[in-house]
Amino acid sequence: MHKISNLLNVKKIVTVHYQSLGKNYVFPTEKHDFWEINYADKEDVFIGLGDEKIELKQGEILFIKPNQPHYVESGEKEPNVFIISFTCRSESMRFFQDKKFAVPESYRYLLQNIMSEATETFELPDFDPQLTALKLKENPNLGGEQIIKNSLENLLIYLLRTAQNRASAQEIFVSKIADSNELQDEIMRILFSKVYGKFKLSDLSAELHYGTTRLCTFFREKTGKSIYQTYLKLKIDEAKRLIRKKKSFAEITDCLCFDSISTFAFIFKKQVGMTPSEYRNSIK
């Protein structure tokens, strides 16, 4: 069996808009911690990125990275703009930062798929630039959310193919992760989320779309510690907090998913240099 490698994985769709703008329309500057795509479907439109104003011609698409201040301005025309915002932490998304493309006509059906499925899946007002959340219809299209996700991922992949030849694309997709603070942050975020559960390197690898060997090497180079050592330290730090809250060792063993009290005590002493009982007595 061949395990499928995911180049891009869209985690969440935040909003979908199709806006017909009047002349001299200006939407105030905003920023958010997710990606946004602006596509000029009719006429040209201006997108402000910080202090720069970019003209987006009909048929062009602009990518706005997370936390980038931006605004939309129509000027003297009455453009129609398609906007979709989403979360995607895949390394390949770095390529799209502040990039503008002319969308090939053969790929525009994917934008149509996204909009038509969104219309039949979510409650979308005719014009609401303040929309901050999507609400499902009472009877949404069967599989509509998945089709939106798949269409967006396909569009991103096709644009990557178009923009890069095969050799240079590989350099972008498999970038030097040792320079990526974002990857380290993502690893730590996942470890924190697993403190009250179980953790496997294979699960981390599947979520971040990197091989386990590569992730372990990267993390050790960045921190000087292994991923699993760091995970155990997070568990023990939480155990110390629970001891200070007067939780019993049996309760701590259960909620932190240690195999047994003896296993918990062994790992605790290895991490802290004293047994759980000695630590409890030391803080009285």
# chains A, B, ... in the order shown; residues from 1 in each chain; ligands from 1
call {"tool": "select_by_dssp", "arguments": {"residues": "range 92-283 of chain A", "states": "alpha helix (DSSP H)", "output": "PyMOL selection string"}}
result
chain A and resi 108-121+144-163+166-173+181-193+201-208+212-223+227-244+249-255+261-272+276-282
call {"tool": "residues_around", "arguments": {"residues": "range 85-89 of chain A", "least_positions_apart": "6", "cutoff": "8 Å", "atoms": "only C-alpha atoms", "output": "JSON, numbers by chain"}}
result
{"A": [8, 9, 10, 11, 12, 13, 14, 15, 16, 34, 35, 36, 37]}
call {"tool": "residues_around", "arguments": {"residues": "Arg189 in chain A", "least_positions_apart": "5", "cutoff": "12 Å", "atoms": "only C-alpha atoms", "output": "list in words"}}
result
Glu182, Leu183, Gln184, Lys194, Val195, Leu204, Glu207, Leu208, Thr230, Tyr231 and Leu234 of chain A
call {"tool": "write_last_selection", "arguments": {"atoms": "C-alpha atoms", "output": "CSV table (one decimal), in the first residue's frame"}}
result
chain,number,residue,atom,x,y,z
A,182,GLU,CA,6.8,28.1,12.6
A,183,LEU,CA,7.4,24.4,12.4
A,184,GLN,CA,8.9,24.3,15.9
A,194,LYS,CA,-1.5,15.9,24.0
A,195,VAL,CA,-0.5,16.4,27.6
A,204,LEU,CA,2.8,14.1,14.7
A,207,GLU,CA,-0.5,16.0,11.0
A,208,LEU,CA,2.6,18.0,9.9
A,230,THR,CA,10.1,17.4,25.7
A,231,TYR,CA,6.7,15.8,25.7
A,234,LEU,CA,5.4,18.9,29.6
call {"tool": "residues_around", "arguments": {"residues": "Leu142 in chain A", "least_positions_apart": "5", "cutoff": "12 Å", "atoms": "only C-alpha atoms", "output": "list in words"}}
result
Glu117, Ala118, Glu120, Thr121, Phe122, Leu136, Lys137, Ile147 and Ile148 of chain A
call {"tool": "closest_residue", "arguments": {"among": "A:Ser193, A:Asn139, A:Ser74, A:Gln58", "to": "Pro104 in chain A", "atoms": "only C-alpha atoms"}}
result
A:Gln58
call {"tool": "atom_distance", "arguments": {"atom1": "CA of Thr29 in chain A", "atom2": "CA of Phe82 in chain A"}}
result
17.6 Å
call {"tool": "closest_residue", "arguments": {"among": "A:Ile283, A:Thr223, A:Glu153, A:Tyr228", "to": "Ser202 in chain A", "atoms": "only C-alpha atoms"}}
result
A:Tyr228
call {"tool": "residues_around", "arguments": {"residues": "Lys53 in chain A", "least_positions_apart": "3", "cutoff": "12 Å", "atoms": "only C-alpha atoms", "output": "ChimeraX atom specification"}}
result
/A:29,45-50,56,69-75,98
call {"tool": "atom_distance", "arguments": {"atom1": "CA of Lys222 in chain A", "atom2": "CA of Ile236 in chain A"}}
result
21.6 Å
call {"tool": "select_by_dssp", "arguments": {"residues": "range 17-264 of chain A", "states": "strand (DSSP E or B)", "output": "VMD selection string"}}
result
chain A and resid 17 to 20 26 to 30 35 to 42 45 to 49 52 to 56 60 to 64 70 to 73 80 to 87 100 to 102 122 136
call {"tool": "write_last_selection", "arguments": {"atoms": "C-alpha atoms", "output": "JSON list (two decimals), in the first residue's frame"}}
result
[["chain", "number", "residue", "atom", "x", "y", "z"],
["A", 17, "HIS", "CA", -17.55, 36.08, -0.02],
["A", 18, "TYR", "CA", -18.66, 37.14, -3.47],
["A", 19, "GLN", "CA", -18.94, 40.91, -3.46],
["A", 20, "SER", "CA", -20.17, 43.33, -6.11],
["A", 26, "VAL", "CA", -13.20, 51.11, 0.55],
["A", 27, "PHE", "CA", -13.19, 48.37, 3.17],
["A", 28, "PRO", "CA", -11.25, 49.39, 6.32],
["A", 29, "THR", "CA", -7.85, 47.83, 6.98],
["A", 30, "GLU", "CA", -8.03, 44.50, 8.79],
["A", 35, "TRP", "CA", -4.88, 33.06, 4.88],
["A", 36, "GLU", "CA", -7.07, 35.08, 2.52],
["A", 37, "ILE", "CA", -7.43, 34.87, -1.27],
["A", 38, "ASN", "CA", -8.81, 37.74, -3.36],
["A", 39, "TYR", "CA", -9.86, 37.03, -6.96],
["A", 40, "ALA", "CA", -10.98, 39.76, -9.38],
["A", 41, "ASP", "CA", -13.87, 38.15, -11.23],
["A", 42, "LYS", "CA", -15.09, 41.30, -13.01],
["A", 45, "VAL", "CA", -9.79, 46.11, -7.97],
["A", 46, "PHE", "CA", -7.14, 47.49, -5.62],
["A", 47, "ILE", "CA", -5.84, 45.55, -2.63],
["A", 48, "GLY", "CA", -3.84, 47.37, 0.00],
["A", 49, "LEU", "CA", -1.07, 45.41, 1.73],
["A", 52, "GLU", "CA", 1.48, 49.19, -0.70],
["A", 53, "LYS", "CA", -1.53, 49.28, -3.01],
["A", 54, "ILE", "CA", -1.72, 46.45, -5.57],
["A", 55, "GLU", "CA", -3.88, 46.57, -8.68],
["A", 56, "LEU", "CA", -5.61, 43.24, -9.16],
["A", 60, "GLU", "CA", -5.95, 37.64, -11.25],
["A", 61, "ILE", "CA", -5.68, 36.21, -7.75],
["A", 62, "LEU", "CA", -3.80, 37.61, -4.75],
["A", 63, "PHE", "CA", -2.71, 35.71, -1.63],
["A", 64, "ILE", "CA", -2.67, 37.51, 1.72],
["A", 70, "HIS", "CA", -4.91, 44.64, 4.14],
["A", 71, "TYR", "CA", -7.94, 46.40, 2.65],
["A", 72, "VAL", "CA", -10.03, 46.40, -0.56],
["A", 73, "GLU", "CA", -10.70, 49.47, -2.71],
["A", 80, "ASN", "CA", -16.90, 41.79, -8.52],
["A", 81, "VAL", "CA", -14.49, 40.16, -6.06],
["A", 82, "PHE", "CA", -14.38, 36.59, -4.82],
["A", 83, "ILE", "CA", -12.79, 36.20, -1.39],
["A", 84, "ILE", "CA", -12.11, 33.03, 0.57],
["A", 85, "SER", "CA", -10.24, 32.80, 3.87],
["A", 86, "PHE", "CA", -8.89, 29.60, 5.38],
["A", 87, "THR", "CA", -6.28, 28.03, 7.64],
["A", 100, "LYS", "CA", -0.28, 37.50, -7.41],
["A", 101, "PHE", "CA", -1.15, 35.22, -10.35],
["A", 102, "ALA", "CA", -3.26, 35.29, -13.45],
["A", 122, "PHE", "CA", -23.73, 27.77, 3.98],
["A", 136, "LEU", "CA", -24.48, 25.75, 7.76]]
call {"tool": "closest_residue", "arguments": {"among": "A:Ile227, A:Met93, A:Phe264, A:Pro79", "to": "Arg214 in chain A", "atoms": "only C-alpha atoms"}}
result
A:Ile227
call {"tool": "residues_around", "arguments": {"residues": "Phe268 in chain A", "least_positions_apart": "5", "cutoff": "10 Å", "atoms": "only C-alpha atoms", "output": "PyMOL selection string"}}
result
chain A and resi 232-233+235-237+239-240+262-263+273-276+279
